[in-house]
>>> print(open('my_file_0.tsv').read())   # TSV, C-alpha atoms and all ligand atoms
chain	number	residue	atom	x	y	z
A	22	MET	CA	137.66	124.56	114.52
A	23	ALA	CA	137.92	122.67	117.81
A	24	GLU	CA	134.88	124.56	119.00
A	25	ALA	CA	132.88	123.68	115.88
A	26	ILE	CA	133.62	120.02	116.40
A	27	GLU	CA	132.57	120.18	120.03
A	28	LEU	CA	129.27	121.76	119.09
A	29	MET	CA	128.48	119.04	116.57
A	30	PRO	CA	126.16	116.53	118.29
A	31	ILE	CA	127.47	112.99	118.12
A	32	GLY	CA	126.23	111.19	115.04
A	33	LEU	CA	125.25	114.35	113.19
A	34	ALA	CA	127.81	114.37	110.45
A	35	PRO	CA	128.19	117.68	108.62
A	36	PRO	CA	127.14	117.80	104.97
A	37	ARG	CA	130.10	116.90	102.78
A	38	THR	CA	129.98	120.02	100.68
A	39	ARG	CA	128.15	123.31	100.81
A	40	ARG	CA	125.65	123.43	97.98
A	41	ALA	CA	123.14	125.84	96.51
A	42	GLN	CA	119.58	125.70	97.82
A	43	PRO	CA	116.92	123.91	95.77
A	44	PRO	CA	114.82	126.36	93.71
A	45	ARG	CA	111.90	127.98	95.53
A	46	HIS	CA	108.58	126.24	94.89
A	47	LEU	CA	104.91	126.92	95.59
A	48	ALA	CA	104.93	124.11	98.17
A	49	ASP	CA	107.60	125.91	100.22
A	50	LEU	CA	105.22	128.83	100.78
A	51	ASP	CA	101.98	129.29	102.70
A	52	GLN	CA	99.07	131.13	101.09
A	53	ALA	CA	100.33	134.56	102.18
A	54	GLY	CA	103.83	133.77	100.93
A	55	ARG	CA	102.46	132.60	97.59
A	56	ARG	CA	100.44	135.78	97.13
A	57	ALA	CA	103.47	137.90	97.95
A	58	ALA	CA	105.62	135.93	95.52
A	59	VAL	CA	103.06	136.33	92.73
A	60	GLU	CA	102.83	140.06	93.38
A	61	ASP	CA	106.62	140.32	93.25
A	62	LEU	CA	106.31	138.86	89.77
A	63	GLY	CA	103.97	141.67	88.81
A	64	GLN	CA	100.75	139.63	88.91
A	65	PRO	CA	97.60	140.06	90.99
A	66	ALA	CA	97.59	138.04	94.22
A	67	PHE	CA	94.62	135.88	93.21
A	68	ARG	CA	96.84	134.16	90.64
A	69	ALA	CA	98.52	132.48	93.59
A	70	ASP	CA	95.19	130.87	94.50
A	71	GLN	CA	94.70	129.76	90.90
A	72	LEU	CA	98.16	128.19	90.80
A	73	SER	CA	97.54	126.52	94.16
A	74	ARG	CA	94.31	124.99	92.92
A	75	HIS	CA	96.08	123.55	89.90
A	76	TYR	CA	98.88	122.07	91.93
A	77	PHE	CA	97.24	120.94	95.18
A	78	ALA	CA	93.65	120.26	94.07
A	79	ARG	CA	93.98	119.19	90.43
A	80	LEU	CA	97.47	117.78	90.87
A	81	THR	CA	98.84	119.37	87.74
A	82	ASP	CA	102.05	121.37	87.31
A	83	ASP	CA	101.75	121.63	83.53
A	84	PRO	CA	101.09	125.24	82.43
A	85	ALA	CA	99.29	123.99	79.31
A	86	HIS	CA	96.43	122.79	81.52
A	87	MET	CA	96.06	126.08	83.38
A	88	THR	CA	93.48	127.53	81.01
A	89	ASP	CA	92.10	130.02	83.57
A	90	LEU	CA	95.45	131.83	83.51
A	91	PRO	CA	96.24	134.14	80.56
A	92	ASP	CA	98.55	132.51	78.03
A	93	SER	CA	101.12	135.22	78.50
A	94	VAL	CA	101.64	134.59	82.23
A	95	ARG	CA	101.18	130.82	82.55
A	96	SER	CA	104.68	129.72	81.66
A	97	ALA	CA	106.34	132.54	83.56
A	98	LEU	CA	104.43	131.81	86.77
A	99	ALA	CA	104.99	128.07	86.44
A	100	ALA	CA	108.71	128.58	85.78
A	101	GLU	CA	109.03	130.76	88.89
A	102	LEU	CA	106.78	128.86	91.30
A	103	LEU	CA	106.55	125.31	89.98
A	104	PRO	CA	110.14	124.55	88.90
A	105	PRO	CA	110.81	120.84	88.41
A	106	LEU	CA	112.55	119.74	91.63
A	107	LEU	CA	112.84	115.99	91.29
A	108	THR	CA	113.25	113.99	88.09
A	109	SER	CA	112.29	110.33	88.13
A	110	GLN	CA	115.35	108.26	87.23
A	111	ARG	CA	113.95	104.78	87.71
A	112	GLU	CA	110.71	103.11	88.80
A	113	GLN	CA	110.65	99.63	90.27
A	114	GLN	CA	107.50	97.69	91.08
A	115	CYS	CA	106.51	94.54	92.88
A	116	ASP	CA	103.32	93.09	94.43
A	117	SER	CA	101.62	93.31	90.99
A	118	GLY	CA	102.33	97.01	90.75
A	119	THR	CA	100.90	97.95	94.17
A	120	THR	CA	104.39	98.63	95.61
A	121	ARG	CA	106.37	101.15	93.59
A	122	LYS	CA	109.75	102.61	94.41
A	123	THR	CA	110.97	105.72	92.59
A	124	LEU	CA	114.57	106.88	92.42
A	125	TRP	CA	114.63	110.66	92.09
A	126	ARG	CA	117.40	112.99	90.99
A	127	ALA	CA	117.38	116.46	92.51
A	128	PHE	CA	118.52	119.71	90.86
A	129	ASP	CA	122.07	119.26	92.20
A	130	GLY	CA	122.42	115.59	91.29
A	131	ALA	CA	121.54	114.28	94.76
A	132	PHE	CA	119.56	111.02	94.68
A	133	ILE	CA	116.68	110.07	96.93
A	134	GLU	CA	113.98	107.40	96.93
A	135	SER	CA	110.30	107.20	97.82
A	136	VAL	CA	107.97	104.20	97.98
A	137	LEU	CA	104.22	103.97	97.35
A	138	MET	CA	102.43	101.03	98.97
A	139	ARG	CA	98.79	100.29	98.17
A	140	TYR	CA	96.94	98.11	100.67
A	141	PRO	CA	93.27	97.10	100.54
A	142	ASP	CA	92.35	99.77	103.10
A	143	ARG	CA	94.98	102.49	102.66
A	144	VAL	CA	97.69	103.94	100.45
A	145	THR	CA	100.96	104.87	102.12
A	146	MET	CA	103.72	107.05	100.74
A	147	CYS	CA	107.08	106.50	102.40
A	148	VAL	CA	109.11	109.66	101.82
A	149	SER	CA	112.72	110.76	102.27
A	150	SER	CA	113.52	113.87	104.31
A	151	GLN	CA	117.25	114.01	103.55
A	152	ALA	CA	119.57	112.84	100.79
A	153	GLY	CA	121.48	110.25	102.78
A	154	CYS	CA	121.50	110.29	106.57
A	155	GLY	CA	123.99	111.32	109.24
A	156	MET	CA	122.79	108.95	111.97
A	157	ALA	CA	125.05	106.04	110.93
A	158	CYS	CA	122.89	103.19	112.27
A	159	PRO	CA	124.98	100.18	111.20
A	160	PHE	CA	122.06	98.00	110.08
A	161	CYS	CA	120.52	100.63	107.77
A	162	ALA	CA	121.65	101.00	104.15
A	163	THR	CA	120.99	104.74	104.10
A	164	GLY	CA	123.15	105.26	107.16
A	165	GLN	CA	126.22	103.76	105.50
A	166	ALA	CA	126.81	106.53	103.00
A	167	GLY	CA	126.43	109.50	105.34
A	168	LEU	CA	124.49	112.69	104.82
A	169	THR	CA	124.52	114.58	101.53
A	170	ARG	CA	122.02	117.31	102.42
A	171	ASN	CA	118.65	118.24	103.82
A	172	LEU	CA	115.71	118.27	101.41
A	173	SER	CA	113.60	121.40	101.07
A	174	ALA	CA	109.95	121.27	102.13
A	175	ALA	CA	108.88	121.26	98.49
A	176	GLU	CA	111.25	118.39	97.65
A	177	ILE	CA	109.47	116.37	100.33
A	178	VAL	CA	105.98	117.45	99.24
A	179	THR	CA	106.86	116.62	95.62
A	180	GLN	CA	107.30	112.95	96.57
A	181	VAL	CA	103.77	112.85	98.00
A	182	PHE	CA	102.44	114.86	95.05
A	183	ALA	CA	103.84	112.24	92.66
A	184	GLY	CA	102.12	109.46	94.61
A	185	ALA	CA	98.86	111.40	94.77
A	186	ARG	CA	99.00	111.95	91.02
A	187	ALA	CA	99.75	108.29	90.30
A	188	MET	CA	96.74	107.31	92.44
A	189	ALA	CA	94.45	109.90	90.85
A	190	SER	CA	95.41	108.83	87.32
A	191	GLY	CA	94.56	105.19	87.89
A	192	ALA	CA	98.18	104.17	87.16
A	193	VAL	CA	98.30	102.02	90.31
A	194	PRO	CA	96.40	98.71	89.97
A	195	GLY	CA	93.17	98.75	91.99
A	196	GLY	CA	91.54	101.77	90.40
A	197	VAL	CA	91.62	105.49	91.00
A	198	GLY	CA	92.36	106.35	94.61
A	199	ARG	CA	94.07	108.71	97.02
A	200	VAL	CA	97.13	108.70	99.25
A	201	SER	CA	95.81	108.27	102.81
A	202	ASN	CA	99.07	107.97	104.77
A	203	VAL	CA	102.53	109.52	104.66
A	204	VAL	CA	105.39	108.05	106.66
A	205	PHE	CA	108.74	109.80	107.10
A	206	MET	CA	110.53	106.46	106.99
A	207	GLY	CA	112.48	106.83	103.78
A	208	MET	CA	116.01	108.18	103.66
A	209	GLY	CA	117.12	110.56	106.36
A	210	GLU	CA	116.38	111.59	109.92
A	211	PRO	CA	113.32	113.85	109.69
A	212	LEU	CA	113.91	115.62	113.00
A	213	ALA	CA	117.45	116.57	111.89
A	214	ASN	CA	115.75	118.57	109.10
A	215	TYR	CA	113.13	120.01	111.39
A	216	SER	CA	111.89	123.16	109.70
A	217	SER	CA	111.57	121.65	106.20
A	218	VAL	CA	109.84	118.57	107.59
A	219	LEU	CA	107.41	120.69	109.62
A	220	THR	CA	106.61	122.87	106.62
A	221	ALA	CA	106.15	119.74	104.51
A	222	VAL	CA	103.79	118.24	107.12
A	223	ARG	CA	101.73	121.44	107.06
A	224	ARG	CA	101.52	121.44	103.25
A	225	ILE	CA	100.71	117.74	103.08
A	226	THR	CA	97.91	118.08	105.63
A	227	ALA	CA	96.41	121.51	104.86
A	228	PRO	CA	93.12	121.28	102.95
A	229	PRO	CA	93.37	122.09	99.23
A	230	PRO	CA	94.18	124.51	97.70
A	231	GLU	CA	96.65	125.31	100.51
A	232	GLY	CA	97.88	121.72	100.68
A	233	LEU	CA	97.24	118.12	99.72
A	234	GLY	CA	94.49	117.51	102.28
A	235	ILE	CA	95.84	114.31	103.85
A	236	SER	CA	94.74	113.84	107.47
A	237	GLN	CA	97.36	114.66	110.14
A	238	ARG	CA	96.44	111.38	111.79
A	239	GLY	CA	97.64	109.61	108.66
A	240	VAL	CA	101.14	111.10	108.92
A	241	THR	CA	103.95	109.42	110.89
A	242	VAL	CA	107.25	111.08	111.74
A	243	SER	CA	109.88	108.47	112.63
A	244	THR	CA	112.98	109.42	114.59
A	245	VAL	CA	116.11	107.92	116.11
A	246	GLY	CA	115.25	110.00	119.19
A	247	LEU	CA	116.50	113.57	118.87
A	248	VAL	CA	115.11	114.69	122.22
A	249	PRO	CA	115.05	118.50	121.81
A	250	ALA	CA	113.31	118.09	118.44
A	251	ILE	CA	110.73	115.68	119.89
A	252	ARG	CA	109.96	118.27	122.56
A	253	ARG	CA	109.69	120.99	119.94
A	254	LEU	CA	107.34	118.80	117.88
A	255	THR	CA	105.24	118.27	121.01
A	256	GLY	CA	104.71	122.03	121.15
A	257	GLU	CA	103.43	122.23	117.56
A	258	ARG	CA	99.97	120.93	118.54
A	259	LEU	CA	99.77	118.58	115.57
A	260	SER	CA	98.14	115.16	115.67
A	261	VAL	CA	100.71	113.33	113.58
A	262	ARG	CA	101.97	110.00	114.91
A	263	LEU	CA	105.44	109.83	116.41
A	264	ALA	CA	107.52	106.69	115.84
A	265	VAL	CA	110.70	106.13	117.85
A	266	SER	CA	113.32	103.77	116.46
A	267	LEU	CA	114.33	102.11	119.72
A	268	HIS	CA	115.76	98.73	118.61
A	269	ALA	CA	117.17	97.94	122.09
A	270	PRO	CA	115.87	98.31	125.66
A	271	ASP	CA	119.35	98.82	127.14
A	272	ASP	CA	121.76	101.69	126.48
A	273	GLU	CA	124.77	99.41	126.08
A	274	LEU	CA	123.34	97.76	122.97
A	275	ARG	CA	121.55	100.88	121.71
A	276	HIS	CA	124.83	102.79	121.70
A	277	ASP	CA	125.94	100.40	118.93
A	278	LEU	CA	122.67	100.10	117.01
A	279	VAL	CA	121.67	103.77	117.12
A	280	PRO	CA	124.88	105.76	117.71
A	281	VAL	CA	123.04	108.98	118.61
A	282	ASN	CA	122.05	107.15	121.80
A	283	ARG	CA	125.38	108.32	123.23
A	284	ARG	CA	123.92	111.83	123.12
A	285	TRP	CA	120.34	111.08	124.25
A	286	GLN	CA	119.92	107.82	126.11
A	287	ILE	CA	116.86	105.60	126.28
A	288	ALA	CA	115.31	107.07	129.45
A	289	GLU	CA	115.47	110.58	128.07
A	290	VAL	CA	114.16	109.56	124.63
A	291	LEU	CA	111.20	107.70	126.14
A	292	ASP	CA	110.47	110.56	128.52
A	293	ALA	CA	110.19	112.89	125.53
A	294	ALA	CA	108.05	110.30	123.72
A	295	TRP	CA	105.61	110.05	126.66
A	296	GLY	CA	105.41	113.84	126.70
A	297	TYR	CA	104.39	113.69	123.05
A	298	ALA	CA	101.81	110.98	123.75
A	299	ALA	CA	100.34	113.01	126.62
A	300	ALA	CA	100.09	116.18	124.52
A	301	THR	CA	98.55	114.51	121.47
A	302	GLY	CA	96.67	111.59	122.99
A	303	ARG	CA	98.25	109.41	120.34
A	304	ARG	CA	100.08	106.15	120.95
A	305	VAL	CA	103.76	106.39	120.17
A	306	SER	CA	104.99	103.69	117.84
A	307	ILE	CA	108.13	101.98	119.13
A	308	GLU	CA	110.10	100.56	116.20
A	309	TYR	CA	112.19	97.49	116.89
A	310	ALA	CA	114.15	95.80	114.08
A	311	MET	CA	114.54	92.12	114.97
A	312	ILE	CA	118.22	91.27	114.49
A	313	ARG	CA	119.25	87.65	114.99
A	314	ASP	CA	121.17	87.05	118.22
A	315	ILE	CA	121.74	90.79	118.67
A	316	ASN	CA	118.58	92.27	120.21
A	317	ASP	CA	116.05	89.41	120.09
A	318	GLN	CA	116.72	87.62	123.39
A	319	ALA	CA	113.76	86.82	125.68
A	320	TRP	CA	115.27	88.91	128.47
A	321	ARG	CA	115.36	91.93	126.20
A	322	ALA	CA	111.65	91.40	125.41
A	323	ASP	CA	110.94	91.44	129.16
A	324	MET	CA	113.08	94.52	129.64
A	325	LEU	CA	111.29	96.28	126.78
A	326	ALA	CA	107.92	95.32	128.27
A	327	SER	CA	108.96	96.89	131.60
A	328	LEU	CA	109.95	100.13	129.87
A	329	LEU	CA	106.61	100.36	128.08
A	330	ALA	CA	104.15	98.94	130.63
A	331	GLY	CA	101.27	101.32	131.27
A	332	ARG	CA	102.43	103.75	128.58
A	333	LEU	CA	100.59	105.01	125.49
A	334	ALA	CA	102.76	102.91	123.20
A	335	HIS	CA	102.60	100.28	120.53
A	336	VAL	CA	105.52	98.13	119.41
A	337	ASN	CA	106.22	97.56	115.74
A	338	LEU	CA	108.57	94.64	115.25
A	339	ILE	CA	110.42	94.83	111.92
A	340	PRO	CA	112.16	91.67	110.71
A	341	LEU	CA	115.58	93.01	109.72
A	342	ASN	CA	115.77	93.65	106.00
A	343	PRO	CA	119.10	92.65	104.53
A	344	THR	CA	121.44	95.44	103.43
A	345	PRO	CA	124.62	95.11	101.35
A	346	GLY	CA	127.69	94.19	103.34
A	347	SER	CA	125.84	93.77	106.64
A	348	LYS	CA	126.79	90.79	108.78
A	349	TRP	CA	123.39	90.82	110.44
A	350	THR	CA	120.27	88.96	109.52
A	351	ALA	CA	116.61	88.77	110.61
A	352	SER	CA	115.67	86.90	113.76
A	353	ASP	CA	114.63	83.28	113.53
A	354	PRO	CA	110.80	83.27	113.19
A	355	ASP	CA	110.36	81.19	116.38
A	356	VAL	CA	112.56	83.60	118.33
A	357	ALA	CA	110.64	86.59	116.94
A	358	GLN	CA	107.36	84.92	117.91
A	359	GLU	CA	108.61	84.34	121.45
A	360	PHE	CA	109.67	88.00	121.65
A	361	LEU	CA	106.22	89.09	120.48
A	362	ASP	CA	104.41	86.70	122.88
A	363	ARG	CA	106.37	88.04	125.83
A	364	LEU	CA	105.39	91.60	125.02
A	365	ALA	CA	101.76	90.64	124.39
A	366	SER	CA	101.54	88.67	127.64
A	367	ARG	CA	102.51	91.83	129.50
A	368	GLY	CA	99.68	93.71	127.76
A	369	ILE	CA	101.90	95.65	125.35
A	370	PRO	CA	100.18	96.19	121.97
A	371	VAL	CA	102.53	94.70	119.37
A	372	THR	CA	102.42	94.05	115.64
A	373	VAL	CA	104.91	92.81	113.06
A	374	ARG	CA	105.62	95.10	110.14
A	375	ASP	CA	105.39	93.47	106.74
A	376	THR	CA	108.46	93.48	104.54
A	377	ARG	CA	106.72	95.24	101.65
A	378	GLY	CA	109.11	96.19	98.94
A	379	ASP	CA	112.01	93.98	99.96
A	380	LYS	CA	112.13	92.47	96.45
A	381	ILE	CA	113.03	95.89	95.07
A	382	ASP	CA	115.20	96.98	98.00
A	383	GLY	CA	112.38	99.28	98.97
A	384	ALA	CA	111.68	97.99	102.49
A	385	CYS	CA	112.69	99.67	105.76
A	386	GLY	CA	116.37	100.43	105.87
A	387	GLN	CA	117.04	99.42	102.27
A	388	LEU	CA	116.85	102.80	100.57
A	389	ALA	CA	120.31	103.61	99.30
A	390	ALA	CA	119.46	105.56	96.15
A	391	ALA	CA	122.22	103.87	94.18
A	392	PRO	CA	121.54	105.00	90.62
A	393	LEU	CA	123.44	102.15	88.96
A	394	ALA	CA	122.36	99.27	91.17
A	395	GLY	CA	119.49	96.87	90.47
A	401	LIG	N1	115.70	108.08	110.59
A	401	LIG	C1	114.37	107.72	110.93
A	401	LIG	C2	113.50	107.27	109.76
A	401	LIG	C3	114.07	106.32	108.74
A	401	LIG	S1	114.04	104.59	108.85
A	401	LIG	C4	114.39	106.64	111.98
A	401	LIG	O1	115.43	106.05	112.22
A	401	LIG	O2	113.37	106.41	112.62
A	401	LIG	C5	112.51	103.90	109.22
A	401	LIG	C6	112.66	102.68	110.12
A	401	LIG	O3	113.34	101.59	109.48
A	401	LIG	C7	113.45	102.99	111.37
A	401	LIG	O4	112.81	102.44	112.48
A	401	LIG	C8	114.77	102.28	111.09
A	401	LIG	O5	115.48	102.02	112.25
A	401	LIG	C9	114.28	101.04	110.40
A	401	LIG	N2	115.34	100.31	109.70
A	401	LIG	C10	116.51	100.79	109.25
A	401	LIG	N3	117.23	99.81	108.66
A	401	LIG	C11	116.48	98.69	108.72
A	401	LIG	C12	116.67	97.36	108.26
A	401	LIG	N4	117.78	96.99	107.62
A	401	LIG	N5	115.69	96.48	108.51
A	401	LIG	C13	114.54	96.85	109.14
A	401	LIG	N6	114.31	98.09	109.59
A	401	LIG	C14	115.27	99.01	109.39
>>> encode(input="my_file_0.tsv", output="structure tokens")
Amino acid sequence: MAEAIELMPIGLAPPRTRRAQPPRHLADLDQAGRRAAVEDLGQPAFRADQLSRHYFARLTDDPAHMTDLPDSVRSALAAELLPPLLTSQREQQCDSGTTRKTLWRAFDGAFIESVLMRYPDRVTMCVSSQAGCGMACPFCATGQAGLTRNLSAAEIVTQVFAGARAMASGAVPGGVGRVSNVVFMGMGEPLANYSSVLTAVRRITAPPPEGLGISQRGVTVSTVGLVPAIRRLTGERLSVRLAVSLHAPDDELRHDLVPVNRRWQIAEVLDAAWGYAAATGRRVSIEYAMIRDINDQAWRADMLASLLAGRLAHVNLIPLNPTPGSKWTASDPDVAQEFLDRLASRGIPVTVRDTRGDKIDGACGQLAAAPLAG
């Protein structure tokens, strides 16, 4: 027991209870795995390709629409390979229907949330990678309840599938469209659920009928800074964007804001991030929630600029979104502007993230998947 506790990295809380795995789904499997699964069910392998085309190209999981499959096998194949994984429990909208948050219930009663955001030039799905989160960042609503469990690859892909289908059906104001971007910035720490997240990224980005055909460059994986996992991701030769939730330029403050910093400190996290940037040629996004009188001092802007000077990095300032029970609030706009100016004057690319979805508790850090709230 003592040994198990020692092996548990700081901040990685164990799941509260051991649960059954989510049912297997087409999106968990690659093409070879799908063919093998279909053959195990006594069907010719090409039926796997037919099913894949329905799901990933035509965006349907309804056997009634699969008219190229014999009546007798449709329902059986769909029941085995397209089981319902997530049931929509509640939809909330704002921005005239162009921001939509869905509360999902999984097979075991776990709740997660995803958010679709339509902009003039892109459509972003913000997805959850875990039910809850074990990282315990004190300013984040998800972090307050702890980790329930990892999501399966297909549970992650299903969130994007739902967004893709809503866009394809014309349900989102602005006409028929496609999901162009996927950000792992919903509930959970994606790199603490590495293999499911990687499989999900591959399914989301593979061309149809293997996957959903979204460009790797449109996918962002956001992390608190799990260094071994960043290094592993670097070796995958993907061109997804990496975002690092830094929030402080000094370890003393980051220990409090991002508790896993006690395990991997800023220098090591940034070193891994620059390794990723070098391998992919892509700018790393440095996330920095602006918290009034906590991390928004001018000297911290200067210190951040020194850490990032000459690096392939871009700073995303996020005005702190309020979360229940938190004593913290967003920085004063003048203070935030000064912080931004100091970074910009040192040549650091910097933008301010909009607070899309805050009216429906769907903005960064507000996803709590509370089924009775709101
Ligand atoms: N666990 C991952 C991804 C989830 S959160 C990560 O930490 O990167 C996505 C971003 O929202 C992170 O940068 C996170 O720190 C930030 N965030 C969390 N709570 C927030 C809040 N209350 N206001 C603004 N941003 C917040």
>>> atom_distance(input="my_file_0.tsv", atom1="atom CA of Gly54 of chain A", atom2="atom CA of Ala185 of chain A")
23.7 Å
>>> atom_distance(input="my_file_0.tsv", atom1="atom CA of Thr226 of chain A", atom2="atom CA of Ala48 of chain A")
11.9 Å
>>> residues_near_ligand(input="my_file_0.tsv", ligand="ligand LIG 401 (chain A)", cutoff="7 Å", atoms="all atoms listed in the file", output="PyMOL selection string")
chain A and resi 160-162+205-211+243-245+264-266+308-310+339-344+385-387
>>> atom_distance(input="my_file_0.tsv", atom1="atom CA of Leu172 of chain A", atom2="atom CA of Ser73 of chain A")
21.2 Å
>>> closest_residue(input="my_file_0.tsv", among="A:Asp129, A:Glu176, A:Glu257, A:Glu112", to="Ile381 of chain A", atoms="only C-alpha atoms")
A:Glu112
>>> closest_residue(input="my_file_0.tsv", among="A:Asp292, A:Gln113, A:Asp49, A:Met324", to="Ser216 of chain A", atoms="only C-alpha atoms")
A:Asp49
>>> closest_atom_pairs(input="my_file_0.tsv", of="segment 273-318 of chain A", to="segment 163-166 of chain A", cutoff="12 Å", atoms="all atoms listed in the file", output="tab-separated table")
residue	atom	partner	partner_atom	distance
A:Leu278	CA	A:Gly164	CA	11.1
A:Val279	CA	A:Gly164	CA	10.2
A:Pro280	CA	A:Gly164	CA	10.7
>>> closest_residue(input="my_file_0.tsv", among="A:Ser306, A:Ser190, A:Ser109, A:Ser352", to="Leu80 of chain A", atoms="only C-alpha atoms")
A:Ser190
>>> residues_around(input="my_file_0.tsv", residues="Val242 of chain A", least_positions_apart="4", cutoff="12 Å", atoms="all atoms listed in the file", output="MDAnalysis selection string")
chainID A and resid 147:150 202:207 209:215 218:219 221:222 237:238 246:247 250:251 254:255 259:266 297 305:308
>>> closest_residue(input="my_file_0.tsv", among="A:Ile369, A:Asp51, A:Gly331, A:Ala389", to="Thr169 of chain A", atoms="all atoms listed in the file")
A:Ala389
>>> closest_residue(input="my_file_0.tsv", among="A:Leu62, A:Met146, A:Leu325, A:Leu90", to="Thr241 of chain A", atoms="only C-alpha atoms")
A:Met146
>>> closest_residue(input="my_file_0.tsv", among="A:Ala390, A:Val336, A:Leu267, A:Ala174", to="Arg111 of chain A", atoms="all atoms listed in the file")
A:Ala390
>>> residues_around(input="my_file_0.tsv", residues="Ala365 of chain A", least_positions_apart="3", cutoff="12 Å", atoms="all atoms listed in the file", output="list in words")
Ala322, Asp323, Leu325, Ala326, Ser327, Leu329, Ala330, His335, Val336, Asn337, Gln358, Glu359, Phe360, Leu361, Asp362, Gly368, Ile369, Pro370, Val371, Thr372 and Val373 of chain A
>>> axis_aligned_box(input="my_file_0.tsv", around="segment 194-208 of chain A", padding_each_side="6 Å", output="lines of an AutoDock Vina configuration file")
center_x = 103.8
center_y = 104.3
center_z = 98.5
size_x = 36.5
size_y = 23.1
size_z = 29.1
>>> build_atoms(input="my_file_0.tsv", residues="segment 315-328 of chain A", atoms="N, CA, C and O atoms", output="tab-separated table (two decimals), in the coordinates of the input")
chain	number	residue	atom	x	y	z
A	315	ILE	N	121.21	89.49	118.24
A	315	ILE	CA	121.74	90.79	118.67
A	315	ILE	C	120.79	91.44	119.69
A	315	ILE	O	121.20	91.76	120.81
A	316	ASN	N	119.51	91.57	119.30
A	316	ASN	CA	118.58	92.27	120.21
A	316	ASN	C	117.29	91.48	120.44
A	316	ASN	O	116.32	92.03	120.92
A	317	ASP	N	117.30	90.17	120.08
A	317	ASP	CA	116.05	89.41	120.09
A	317	ASP	C	115.92	88.41	121.24
A	317	ASP	O	115.07	87.52	121.21
A	318	GLN	N	116.76	88.55	122.27
A	318	GLN	CA	116.72	87.62	123.39
A	318	GLN	C	115.44	87.83	124.22
A	318	GLN	O	114.93	88.95	124.33
A	319	ALA	N	114.98	86.75	124.86
A	319	ALA	CA	113.76	86.82	125.68
A	319	ALA	C	113.92	87.87	126.79
A	319	ALA	O	112.98	88.61	127.09
A	320	TRP	N	115.11	87.93	127.38
A	320	TRP	CA	115.27	88.91	128.47
A	320	TRP	C	115.15	90.34	127.99
A	320	TRP	O	114.67	91.22	128.70
A	321	ARG	N	115.52	90.55	126.73
A	321	ARG	CA	115.36	91.93	126.20
A	321	ARG	C	113.88	92.23	125.94
A	321	ARG	O	113.44	93.36	126.10
A	322	ALA	N	113.10	91.20	125.57
A	322	ALA	CA	111.65	91.40	125.41
A	322	ALA	C	111.06	91.81	126.76
A	322	ALA	O	110.25	92.75	126.84
A	323	ASP	N	111.47	91.13	127.82
A	323	ASP	CA	110.94	91.44	129.16
A	323	ASP	C	111.35	92.85	129.58
A	323	ASP	O	110.57	93.60	130.17
A	324	MET	N	112.59	93.20	129.27
A	324	MET	CA	113.08	94.52	129.64
A	324	MET	C	112.32	95.61	128.86
A	324	MET	O	111.94	96.65	129.43
A	325	LEU	N	112.06	95.33	127.59
A	325	LEU	CA	111.29	96.28	126.78
A	325	LEU	C	109.87	96.42	127.35
A	325	LEU	O	109.35	97.53	127.47
A	326	ALA	N	109.28	95.29	127.71
A	326	ALA	CA	107.92	95.32	128.27
A	326	ALA	C	107.90	96.19	129.53
A	326	ALA	O	106.97	96.98	129.73
A	327	SER	N	108.93	96.08	130.36
A	327	SER	CA	108.96	96.89	131.60
A	327	SER	C	109.05	98.38	131.28
A	327	SER	O	108.45	99.21	131.96
A	328	LEU	N	109.83	98.71	130.24
A	328	LEU	CA	109.95	100.13	129.87
A	328	LEU	C	108.62	100.71	129.40
A	328	LEU	O	108.34	101.89	129.58
